[in-house]
$ cat run.pdb   # PDB, C-alpha atoms
ATOM      1  CA  MET A   1      -4.377  38.501  17.297
ATOM      2  CA  SER A   2      -6.359  36.014  15.333
ATOM      3  CA  ASP A   3      -8.984  34.105  17.261
ATOM      4  CA  HIS A   4      -8.609  31.188  14.902
ATOM      5  CA  PRO A   5      -7.861  28.260  17.181
ATOM      6  CA  HIS A   6      -5.402  26.539  14.857
ATOM      7  CA  ASP A   7      -1.861  27.536  14.435
ATOM      8  CA  HIS A   8       0.274  26.569  11.497
ATOM      9  CA  TYR A   9       1.833  23.540  13.176
ATOM     10  CA  ALA A  10      -1.429  22.156  14.496
ATOM     11  CA  LYS A  11      -2.800  22.270  10.963
ATOM     12  CA  LYS A  12       0.242  20.641   9.469
ATOM     13  CA  LYS A  13       0.236  17.901  12.074
ATOM     14  CA  HIS A  14      -3.300  16.972  11.182
ATOM     15  CA  GLY A  15      -2.831  17.152   7.476
ATOM     16  CA  HIS A  16      -5.398  19.881   7.108
ATOM     17  CA  ASP A  17      -3.083  22.461   5.706
ATOM     18  CA  HIS A  18      -5.029  23.300   2.612
ATOM     19  CA  ARG A  19      -2.244  25.506   1.394
ATOM     20  CA  ASP A  20      -0.087  22.506   0.542
ATOM     21  CA  HIS A  21      -1.066  22.828  -3.076
ATOM     22  CA  ALA A  22      -1.375  26.580  -3.218
ATOM     23  CA  PRO A  23       0.654  28.213  -5.970
ATOM     24  CA  VAL A  24       3.996  29.639  -4.919
ATOM     25  CA  GLU A  25       3.387  33.313  -4.379
ATOM     26  CA  GLN A  26       6.709  34.363  -2.975
ATOM     27  CA  ARG A  27       9.375  35.303  -5.495
ATOM     28  CA  ASP A  28      12.930  36.361  -5.019
ATOM     29  CA  GLU A  29      13.088  40.017  -5.764
ATOM     30  CA  GLY A  30      16.061  42.273  -6.140
ATOM     31  CA  PRO A  31      19.678  41.538  -5.336
ATOM     32  CA  PRO A  32      20.579  39.468  -2.253
ATOM     33  CA  SER A  33      21.025  41.387   0.993
ATOM     34  CA  GLU A  34      24.394  41.906   2.614
ATOM     35  CA  TYR A  35      23.617  39.169   5.161
ATOM     36  CA  GLU A  36      22.622  36.703   2.470
ATOM     37  CA  ILE A  37      25.892  37.346   0.677
ATOM     38  CA  MET A  38      27.904  36.976   3.896
ATOM     39  CA  SER A  39      26.092  33.788   4.812
ATOM     40  CA  ARG A  40      26.544  32.337   1.338
ATOM     41  CA  ALA A  41      30.236  33.258   1.292
ATOM     42  CA  MET A  42      30.733  31.700   4.725
ATOM     43  CA  GLN A  43      29.073  28.475   3.654
ATOM     44  CA  GLU A  44      31.183  28.292   0.504
ATOM     45  CA  LEU A  45      34.356  28.783   2.523
ATOM     46  CA  LEU A  46      33.352  26.132   5.042
ATOM     47  CA  GLU A  47      32.581  23.712   2.232
ATOM     48  CA  GLU A  48      35.893  24.486   0.582
ATOM     49  CA  LYS A  49      37.744  23.769   3.841
ATOM     50  CA  GLY A  50      35.811  20.545   4.286
ATOM     51  CA  ALA A  51      34.145  21.712   7.529
ATOM     52  CA  VAL A  52      30.598  21.139   6.269
ATOM     53  CA  THR A  53      28.950  19.803   3.168
ATOM     54  CA  ALA A  54      26.040  21.344   1.281
ATOM     55  CA  GLU A  55      24.090  18.196   2.124
ATOM     56  CA  GLN A  56      24.605  18.784   5.854
ATOM     57  CA  VAL A  57      23.347  22.359   5.540
ATOM     58  CA  ARG A  58      20.350  21.230   3.526
ATOM     59  CA  ARG A  59      19.568  18.498   6.046
ATOM     60  CA  ARG A  60      19.753  21.025   8.877
ATOM     61  CA  MET A  61      17.261  23.302   7.125
ATOM     62  CA  GLU A  62      14.981  20.348   6.543
ATOM     63  CA  LEU A  63      15.168  19.401  10.221
ATOM     64  CA  PHE A  64      14.214  22.927  11.230
ATOM     65  CA  GLU A  65      11.109  22.795   9.089
ATOM     66  CA  ASP A  66       9.993  19.207   9.340
ATOM     67  CA  GLU A  67      11.004  17.901  12.718
ATOM     68  CA  LEU A  68      12.043  20.484  15.284
ATOM     69  CA  PRO A  69       8.699  22.342  15.406
ATOM     70  CA  TYR A  70       6.875  19.177  16.505
ATOM     71  CA  ARG A  71       9.216  17.982  19.220
ATOM     72  CA  GLY A  72       7.928  20.198  22.032
ATOM     73  CA  SER A  73       4.328  19.043  21.576
ATOM     74  CA  ARG A  74       5.384  15.401  21.682
ATOM     75  CA  VAL A  75       7.502  15.834  24.801
ATOM     76  CA  VAL A  76       4.789  17.674  26.711
ATOM     77  CA  ALA A  77       2.065  15.257  25.554
ATOM     78  CA  HIS A  78       4.219  12.479  26.980
ATOM     79  CA  ALA A  79       4.589  14.432  30.231
ATOM     80  CA  TRP A  80       0.793  14.746  30.393
ATOM     81  CA  THR A  81       0.364  10.988  30.236
ATOM     82  CA  ASP A  82       3.335   9.909  32.360
ATOM     83  CA  PRO A  83       3.614  11.636  35.770
ATOM     84  CA  GLN A  84       7.096  10.279  36.410
ATOM     85  CA  PHE A  85       8.354  11.635  33.095
ATOM     86  CA  ARG A  86       6.672  14.954  33.843
ATOM     87  CA  LYS A  87       8.565  15.106  37.131
ATOM     88  CA  ARG A  88      11.857  14.387  35.388
ATOM     89  CA  LEU A  89      11.096  16.969  32.691
ATOM     90  CA  LEU A  90      10.502  19.642  35.338
ATOM     91  CA  GLU A  91      13.683  18.655  37.179
ATOM     92  CA  ASP A  92      16.027  18.524  34.207
ATOM     93  CA  GLY A  93      14.512  19.293  30.825
ATOM     94  CA  LYS A  94      17.545  18.364  28.793
ATOM     95  CA  ALA A  95      17.968  14.946  30.422
ATOM     96  CA  ALA A  96      14.248  14.169  30.083
ATOM     97  CA  CYS A  97      14.301  15.087  26.392
ATOM     98  CA  ALA A  98      17.380  12.896  25.874
ATOM     99  CA  GLU A  99      15.546  10.015  27.510
ATOM    100  CA  PHE A 100      12.665  10.664  25.088
ATOM    101  CA  GLY A 101      15.089  10.454  22.175
ATOM    102  CA  ILE A 102      15.464  14.182  21.588
ATOM    103  CA  ASP A 103      18.931  15.669  21.626
ATOM    104  CA  LEU A 104      18.734  19.352  22.511
ATOM    105  CA  GLU A 105      22.390  19.796  21.519
ATOM    106  CA  ALA A 106      23.683  22.991  23.120
ATOM    107  CA  ASP A 107      20.338  24.036  24.600
ATOM    108  CA  ARG A 108      19.758  23.804  28.346
ATOM    109  CA  LEU A 109      16.083  23.507  29.011
ATOM    110  CA  ILE A 110      13.949  24.605  31.933
ATOM    111  CA  ALA A 111      10.359  23.369  31.762
ATOM    112  CA  VAL A 112       7.936  25.497  33.775
ATOM    113  CA  GLU A 113       4.577  24.147  34.808
ATOM    114  CA  ASN A 114       1.239  25.923  34.645
ATOM    115  CA  THR A 115      -1.006  25.217  37.621
ATOM    116  CA  PRO A 116      -4.373  26.590  38.768
ATOM    117  CA  GLU A 117      -2.325  29.241  40.630
ATOM    118  CA  VAL A 118       0.474  30.008  38.151
ATOM    119  CA  HIS A 119       0.595  30.830  34.444
ATOM    120  CA  ASN A 120       4.003  30.967  32.765
ATOM    121  CA  VAL A 121       4.981  32.950  29.687
ATOM    122  CA  ILE A 122       8.333  33.159  27.941
ATOM    123  CA  VAL A 123      10.155  36.016  26.257
ATOM    124  CA  CYS A 124      13.682  37.075  25.428
ATOM    125  CA  THR A 125      13.952  40.826  25.909
ATOM    126  CA  LEU A 126      17.561  41.043  24.755
ATOM    127  CA  CYS A 127      17.264  39.238  21.411
ATOM    128  CA  SER A 128      15.153  36.231  20.465
ATOM    129  CA  CYS A 129      16.444  33.280  22.502
ATOM    130  CA  TYR A 130      13.996  30.446  21.947
ATOM    131  CA  PRO A 131      14.058  26.663  22.443
ATOM    132  CA  ARG A 132      14.731  26.042  18.750
ATOM    133  CA  ALA A 133      15.740  22.425  19.245
ATOM    134  CA  LEU A 134      12.256  21.848  20.661
ATOM    135  CA  LEU A 135      10.026  24.329  18.816
ATOM    136  CA  GLY A 136      11.869  25.167  15.605
ATOM    137  CA  MET A 137      12.265  28.768  14.498
ATOM    138  CA  PRO A 138      10.613  31.466  16.605
ATOM    139  CA  PRO A 139       7.526  33.112  15.136
ATOM    140  CA  THR A 140       7.785  36.694  13.934
ATOM    141  CA  TRP A 141       5.752  38.061  16.833
ATOM    142  CA  TYR A 142       8.147  36.467  19.342
ATOM    143  CA  LYS A 143      10.993  38.464  17.811
ATOM    144  CA  SER A 144       9.020  41.709  17.562
ATOM    145  CA  THR A 145       9.980  44.673  19.718
ATOM    146  CA  ASN A 146       6.321  45.000  20.617
ATOM    147  CA  TYR A 147       6.103  41.560  22.265
ATOM    148  CA  ARG A 148       9.587  41.655  23.783
ATOM    149  CA  SER A 149       9.189  45.041  25.388
ATOM    150  CA  ARG A 150       5.578  44.765  26.517
ATOM    151  CA  VAL A 151       5.166  41.242  27.838
ATOM    152  CA  VAL A 152       7.605  41.920  30.666
ATOM    153  CA  PHE A 153       5.723  44.857  32.126
ATOM    154  CA  GLU A 154       2.139  44.346  31.005
ATOM    155  CA  PRO A 155       1.929  40.589  30.504
ATOM    156  CA  ARG A 156      -1.794  40.434  31.161
ATOM    157  CA  ALA A 157      -2.551  42.979  28.449
ATOM    158  CA  VAL A 158      -0.371  41.096  25.955
ATOM    159  CA  LEU A 159      -1.896  37.733  26.886
ATOM    160  CA  LYS A 160      -5.342  39.221  26.419
ATOM    161  CA  GLU A 161      -4.396  40.140  22.854
ATOM    162  CA  PHE A 162      -3.652  36.450  22.318
ATOM    163  CA  GLY A 163      -7.101  35.627  23.689
ATOM    164  CA  THR A 164      -5.796  34.545  27.073
ATOM    165  CA  VAL A 165      -7.530  36.214  30.005
ATOM    166  CA  LEU A 166      -6.320  35.195  33.431
ATOM    167  CA  PRO A 167      -8.096  35.875  36.726
ATOM    168  CA  ASP A 168      -6.289  37.955  39.337
ATOM    169  CA  HIS A 169      -5.811  35.003  41.673
ATOM    170  CA  VAL A 170      -3.507  33.404  39.087
ATOM    171  CA  SER A 171       0.083  34.544  39.370
ATOM    172  CA  VAL A 172       1.558  35.464  35.993
ATOM    173  CA  ARG A 173       5.173  34.358  35.919
ATOM    174  CA  VAL A 174       7.187  35.908  33.079
ATOM    175  CA  HIS A 175      10.484  34.264  32.186
ATOM    176  CA  ASP A 176      13.022  36.473  30.471
ATOM    177  CA  SER A 177      15.183  34.001  28.556
ATOM    178  CA  ASN A 178      18.129  36.361  28.740
ATOM    179  CA  ALA A 179      21.201  34.148  29.050
ATOM    180  CA  ASP A 180      22.050  30.432  28.817
ATOM    181  CA  MET A 181      18.813  28.608  29.593
ATOM    182  CA  ARG A 182      15.910  27.957  27.258
ATOM    183  CA  TYR A 183      12.330  27.557  28.433
ATOM    184  CA  VAL A 184       9.218  25.614  27.593
ATOM    185  CA  VAL A 185       5.828  25.837  29.295
ATOM    186  CA  VAL A 186       4.077  22.673  30.428
ATOM    187  CA  PRO A 187       0.423  23.733  30.161
ATOM    188  CA  MET A 188      -2.399  22.278  32.222
ATOM    189  CA  ARG A 189      -4.109  19.364  30.546
ATOM    190  CA  PRO A 190      -7.663  20.471  29.774
ATOM    191  CA  GLU A 191     -10.754  18.578  30.871
ATOM    192  CA  GLY A 192     -12.304  16.452  28.175
ATOM    193  CA  THR A 193      -9.004  14.900  27.101
ATOM    194  CA  GLU A 194      -9.249  11.812  29.286
ATOM    195  CA  GLY A 195      -8.135   8.710  27.426
ATOM    196  CA  TRP A 196      -6.642  10.658  24.510
ATOM    197  CA  SER A 197      -3.581   9.260  22.771
ATOM    198  CA  GLU A 198      -0.325  11.184  23.020
ATOM    199  CA  GLU A 199      -0.634  12.028  19.341
ATOM    200  CA  ARG A 200      -4.042  13.564  19.841
ATOM    201  CA  LEU A 201      -2.838  15.456  22.917
ATOM    202  CA  ALA A 202       0.157  16.747  20.968
ATOM    203  CA  ALA A 203      -2.231  18.304  18.456
ATOM    204  CA  ILE A 204      -3.636  20.726  21.051
ATOM    205  CA  LEU A 205      -0.172  21.467  22.433
ATOM    206  CA  THR A 206       0.463  24.088  19.814
ATOM    207  CA  ARG A 207       3.588  26.194  19.683
ATOM    208  CA  ASP A 208       1.822  29.164  21.285
ATOM    209  CA  THR A 209       0.725  27.069  24.277
ATOM    210  CA  LEU A 210       4.331  26.007  24.839
ATOM    211  CA  VAL A 211       5.498  29.634  24.821
ATOM    212  CA  GLY A 212       2.632  30.437  27.185
ATOM    213  CA  VAL A 213       0.721  33.072  25.237
ATOM    214  CA  THR A 214      -2.296  30.819  25.110
ATOM    215  CA  VAL A 215      -3.601  27.609  26.692
ATOM    216  CA  PRO A 216      -4.572  24.303  25.070
ATOM    217  CA  ARG A 217      -8.185  24.012  24.028
ATOM    218  CA  VAL A 218     -10.109  20.862  23.322
ATOM    219  CA  ASP A 219     -11.862  22.486  20.380
ATOM    220  CA  ALA A 220      -8.484  22.978  18.683
ATOM    221  CA  ALA A 221      -8.070  19.240  18.208
ATOM    222  CA  GLY A 222      -8.208  18.267  14.661
ATOM    223  CA  GLN A 223     -11.606  19.298  13.392
ATOM    224  CA  THR A 224     -11.649  20.597   9.860
TER     225      THR A 224
ATOM    226  CA  MET B   1       5.796  43.718  48.201
ATOM    227  CA  THR B   2       3.520  40.945  49.427
ATOM    228  CA  PRO B   3       5.424  38.909  52.018
ATOM    229  CA  GLY B   4       6.245  35.456  50.732
ATOM    230  CA  VAL B   5       5.368  36.187  47.133
ATOM    231  CA  LEU B   6       8.922  35.564  46.025
ATOM    232  CA  THR B   7       9.327  32.290  47.850
ATOM    233  CA  GLN B   8       5.996  30.668  46.999
ATOM    234  CA  GLY B   9       5.995  27.173  45.585
ATOM    235  CA  ALA B  10       8.407  24.346  46.162
ATOM    236  CA  PRO B  11      12.076  25.100  45.508
ATOM    237  CA  PRO B  12      13.231  23.504  42.263
ATOM    238  CA  SER B  13      15.575  20.568  42.389
ATOM    239  CA  PRO B  14      19.252  21.283  42.000
ATOM    240  CA  SER B  15      20.258  21.483  38.384
ATOM    241  CA  SER B  16      22.609  18.925  36.981
ATOM    242  CA  TYR B  17      23.589  21.108  34.036
ATOM    243  CA  ALA B  18      26.907  22.523  35.119
ATOM    244  CA  PRO B  19      28.149  22.207  38.679
ATOM    245  CA  ALA B  20      28.924  25.448  40.458
ATOM    246  CA  PRO B  21      30.842  24.413  43.569
ATOM    247  CA  GLY B  22      32.076  27.890  44.383
ATOM    248  CA  HIS B  23      28.792  29.755  44.318
ATOM    249  CA  ARG B  24      28.209  32.729  46.588
ATOM    250  CA  PHE B  25      24.413  32.682  46.916
ATOM    251  CA  GLU B  26      21.902  30.000  47.850
ATOM    252  CA  VAL B  27      18.318  29.420  46.736
ATOM    253  CA  GLY B  28      16.087  31.791  48.706
ATOM    254  CA  ASP B  29      18.781  34.441  49.304
ATOM    255  CA  ARG B  30      17.716  38.033  48.729
ATOM    256  CA  VAL B  31      19.915  39.729  46.161
ATOM    257  CA  ALA B  32      20.135  43.083  44.442
ATOM    258  CA  VAL B  33      21.221  43.493  40.837
ATOM    259  CA  LYS B  34      24.003  46.035  40.572
ATOM    260  CA  ARG B  35      22.936  49.386  39.188
ATOM    261  CA  ARG B  36      25.849  49.805  36.829
ATOM    262  CA  TYR B  37      26.018  50.710  33.177
ATOM    263  CA  PRO B  38      29.351  49.544  31.789
ATOM    264  CA  PRO B  39      29.655  49.620  28.012
ATOM    265  CA  GLY B  40      29.851  46.389  26.037
ATOM    266  CA  HIS B  41      27.903  43.172  25.662
ATOM    267  CA  ARG B  42      25.937  42.429  28.865
ATOM    268  CA  ARG B  43      23.214  39.865  29.412
ATOM    269  CA  THR B  44      21.738  41.824  32.329
ATOM    270  CA  PRO B  45      18.741  43.751  30.995
ATOM    271  CA  TYR B  46      18.706  47.450  31.850
ATOM    272  CA  TYR B  47      15.256  47.241  33.384
ATOM    273  CA  ILE B  48      16.384  44.888  36.130
ATOM    274  CA  ARG B  49      19.501  46.773  37.237
ATOM    275  CA  GLY B  50      19.098  48.100  40.778
ATOM    276  CA  LYS B  51      16.155  45.779  41.515
ATOM    277  CA  THR B  52      15.915  43.308  44.396
ATOM    278  CA  GLY B  53      14.774  39.700  44.130
ATOM    279  CA  VAL B  54      15.317  36.203  45.451
ATOM    280  CA  ILE B  55      17.509  33.400  44.078
ATOM    281  CA  GLU B  56      15.124  30.901  42.440
ATOM    282  CA  ARG B  57      17.729  28.348  41.366
ATOM    283  CA  ILE B  58      21.387  27.956  40.562
ATOM    284  CA  CYS B  59      21.770  27.153  36.871
ATOM    285  CA  GLY B  60      25.444  26.259  37.035
ATOM    286  CA  ALA B  61      28.685  27.786  35.812
ATOM    287  CA  PHE B  62      28.811  29.084  32.246
ATOM    288  CA  PRO B  63      31.371  30.792  30.032
ATOM    289  CA  ASN B  64      31.229  34.525  30.667
ATOM    290  CA  PRO B  65      29.222  36.036  27.778
ATOM    291  CA  GLU B  66      30.822  39.423  28.391
ATOM    292  CA  GLU B  67      34.109  37.875  27.233
ATOM    293  CA  LEU B  68      32.735  35.453  24.661
ATOM    294  CA  ALA B  69      31.160  38.354  22.797
ATOM    295  CA  TYR B  70      34.603  39.727  22.014
ATOM    296  CA  GLY B  71      36.256  36.520  20.901
ATOM    297  CA  PHE B  72      37.742  35.480  24.259
ATOM    298  CA  ASP B  73      37.156  31.994  25.660
ATOM    299  CA  GLY B  74      34.743  33.044  28.420
ATOM    300  CA  GLU B  75      37.031  31.663  31.129
ATOM    301  CA  PRO B  76      36.847  31.660  34.036
ATOM    302  CA  LYS B  77      33.230  30.530  33.952
ATOM    303  CA  LYS B  78      30.736  32.515  35.960
ATOM    304  CA  VAL B  79      27.974  31.169  38.140
ATOM    305  CA  LEU B  80      24.539  31.811  36.681
ATOM    306  CA  TYR B  81      21.428  32.147  38.854
ATOM    307  CA  ARG B  82      17.758  32.501  38.128
ATOM    308  CA  VAL B  83      16.410  35.387  40.154
ATOM    309  CA  ARG B  84      12.737  35.930  40.897
ATOM    310  CA  PHE B  85      11.364  39.446  41.228
ATOM    311  CA  ALA B  86       7.939  40.751  42.162
ATOM    312  CA  GLN B  87       6.618  42.653  39.137
ATOM    313  CA  ALA B  88       5.415  45.428  41.432
ATOM    314  CA  SER B  89       8.986  45.979  42.640
ATOM    315  CA  VAL B  90      10.388  46.084  39.092
ATOM    316  CA  TRP B  91       7.837  48.434  37.538
ATOM    317  CA  PRO B  92       6.527  51.201  39.838
ATOM    318  CA  ALA B  93       3.492  51.576  37.562
ATOM    319  CA  TYR B  94       2.768  47.836  37.315
ATOM    320  CA  ARG B  95      -0.978  47.375  37.100
ATOM    321  CA  GLY B  96      -1.357  43.625  37.701
ATOM    322  CA  PRO B  97      -1.816  41.829  41.040
ATOM    323  CA  ALA B  98       0.990  41.794  43.622
ATOM    324  CA  ARG B  99       1.471  38.057  43.036
ATOM    325  CA  ASP B 100       2.761  38.533  39.481
ATOM    326  CA  LEU B 101       6.411  37.613  39.016
ATOM    327  CA  ILE B 102       9.256  38.045  36.579
ATOM    328  CA  GLU B 103      12.295  35.803  36.537
ATOM    329  CA  MET B 104      15.546  35.877  34.650
ATOM    330  CA  GLU B 105      19.129  34.686  34.634
ATOM    331  CA  ILE B 106      21.748  36.859  36.293
ATOM    332  CA  PHE B 107      25.457  36.128  36.559
ATOM    333  CA  GLU B 108      26.983  36.211  40.037
ATOM    334  CA  HIS B 109      29.190  39.225  39.431
ATOM    335  CA  TRP B 110      26.063  41.305  38.814
ATOM    336  CA  LEU B 111      24.570  40.399  42.204
ATOM    337  CA  GLU B 112      25.104  41.607  45.736
ATOM    338  CA  PRO B 113      23.444  40.555  48.994
ATOM    339  CA  ALA B 114      20.296  42.526  49.834
TER     340      ALA B 114
END

$ encode --input "run.pdb" --output "structure tokens"
Amino acid sequence: MSDHPHDHYAKKKHGHDHRDHAPVEQRDEGPPSEYEIMSRAMQELLEEKGAVTAEQVRRRMELFEDELPYRGSRVVAHAWTDPQFRKRLLEDGKAACAEFGIDLEADRLIAVENTPEVHNVIVCTLCSCYPRALLGMPPTWYKSTNYRSRVVFEPRAVLKEFGTVLPDHVSVRVHDSNADMRYVVVPMRPEGTEGWSEERLAAILTRDTLVGVTVPRVDAAGQT
Amino acid sequence: MTPGVLTQGAPPSPSSYAPAPGHRFEVGDRVAVKRRYPPGHRRTPYYIRGKTGVIERICGAFPNPEELAYGFDGEPKKVLYRVRFAQASVWPAYRGPARDLIEMEIFEHWLEPA
């Protein structure tokens, strides 16, 4: 794992993504795959029947890229600054998000809290269930067989690969997101963040901290 | 298994997601996951079948995924629990401390009292 403290979203949030103007390197190569053809055909049929419009599909894709990945950080930053909201988030994640203006649609959310005694980490061993309405699309490693098969039986070794070393007195609590609920970790707010705005707090609440493979670090906040 | 490891921490509040009036187990009950291997779409991971844990919370009643997967309506709904297991009881060769836990969602018909 990279020891670079920024992840993609943290960089984007702070406008330091220097690849914004990089030339497009990826090109479509070869014929479309079977799944691309099926998906395209399905969309065309649905448009033909008037069930969806191309604009709705486009808007959905835009949401997935531009809005959904940042929701989780904002919700948890709010929970860090408002103890009553934090309590409601831990009691009923979906209702708390709705109150915060975020509609999780079909997702049922369980927020799990890190404490000095407990560290939570999330996986889906059966497929790649992920709180998409809160974190966007899952990263490639989350969907990998390596992560999915190993984090359940050697979580400490996997966390160490992400740079997260936990002492033995901390209980590692693995959540297999195997059925109808989705999960988000509420990390511990690090020292040195007193008086920070929610926006600044959200910047250290990177995707990986909300899945639980790492913990928020003050040095990850917005330096170039 | 370390006594109390499965019941540490405050019990979570009841979920308001989907009421499950007819549920068979309560938070804190010891349950065993059935060691069965029927074919078809199951949301009960193989590695947890036959293992014993404690009900962590009742998630509510949800359409049965074993029916949904084949185009049926998933009715009647099944009660879904979160079950907490000690890692050491799930993996005989687990190398971490006895306090490490693994939790997942198990439908009622996969559980029996332990």

$ residues_around --input "run.pdb" --residues "Ala133 (chain A)" --least-positions-apart "3" --cutoff "8 Å" --atoms "all atoms listed in the file" --output "list in words"
Leu68, Arg71, Asp103, Leu104, Glu105, Asp107 and Gly136 of chain A

$ residues_around --input "run.pdb" --residues "Ala179 (chain A)" --least-positions-apart "6" --cutoff "8 Å" --atoms "all atoms listed in the file" --output "PDB file with C-alpha atoms, in the frame of the given file"
ATOM      1  CA  ARG B  43      23.214  39.865  29.412  1.00  0.00           C
ATOM      2  CA  GLU B 105      19.129  34.686  34.634  1.00  0.00           C
ATOM      3  CA  ILE B 106      21.748  36.859  36.293  1.00  0.00           C
TER       4      ILE B 106
END

$ resolve_selection --input "run.pdb" --expression "the PyMOL selection byres ((chain A) within 9 of (chain B))" --output "list of chain:residue names"
A:Leu90, A:Glu91, A:Asp92, A:Lys94, A:Ala95, A:Arg108, A:Val118, A:Thr125, A:Leu126, A:Val152, A:Phe153, A:Glu154, A:Pro155, A:Arg156, A:Asp168, A:His169, A:Val170, A:Ser171, A:Val172, A:Arg173, A:Val174, A:His175, A:Asp176, A:Ser177, A:Asn178, A:Ala179, A:Asp180, A:Met181

$ residues_near_point --input "run.pdb" --point "(22.1, 35.4, 45.8)" --cutoff "9 Å" --atoms "all atoms listed in the file" --output "list in words"
His23, Arg24, Phe25, Glu26, Val27, Gly28, Asp29, Arg30, Val31, Ala32, Gly53, Val54, Ile55, Glu56, Tyr81, Val83, Glu108, Leu111, Glu112, Pro113 and Ala114 of chain B

$ atom_distance --input "run.pdb" --atom1 "CA of Glu47 (chain A)" --atom2 "CA of Arg60 (chain A)"
14.7 Å
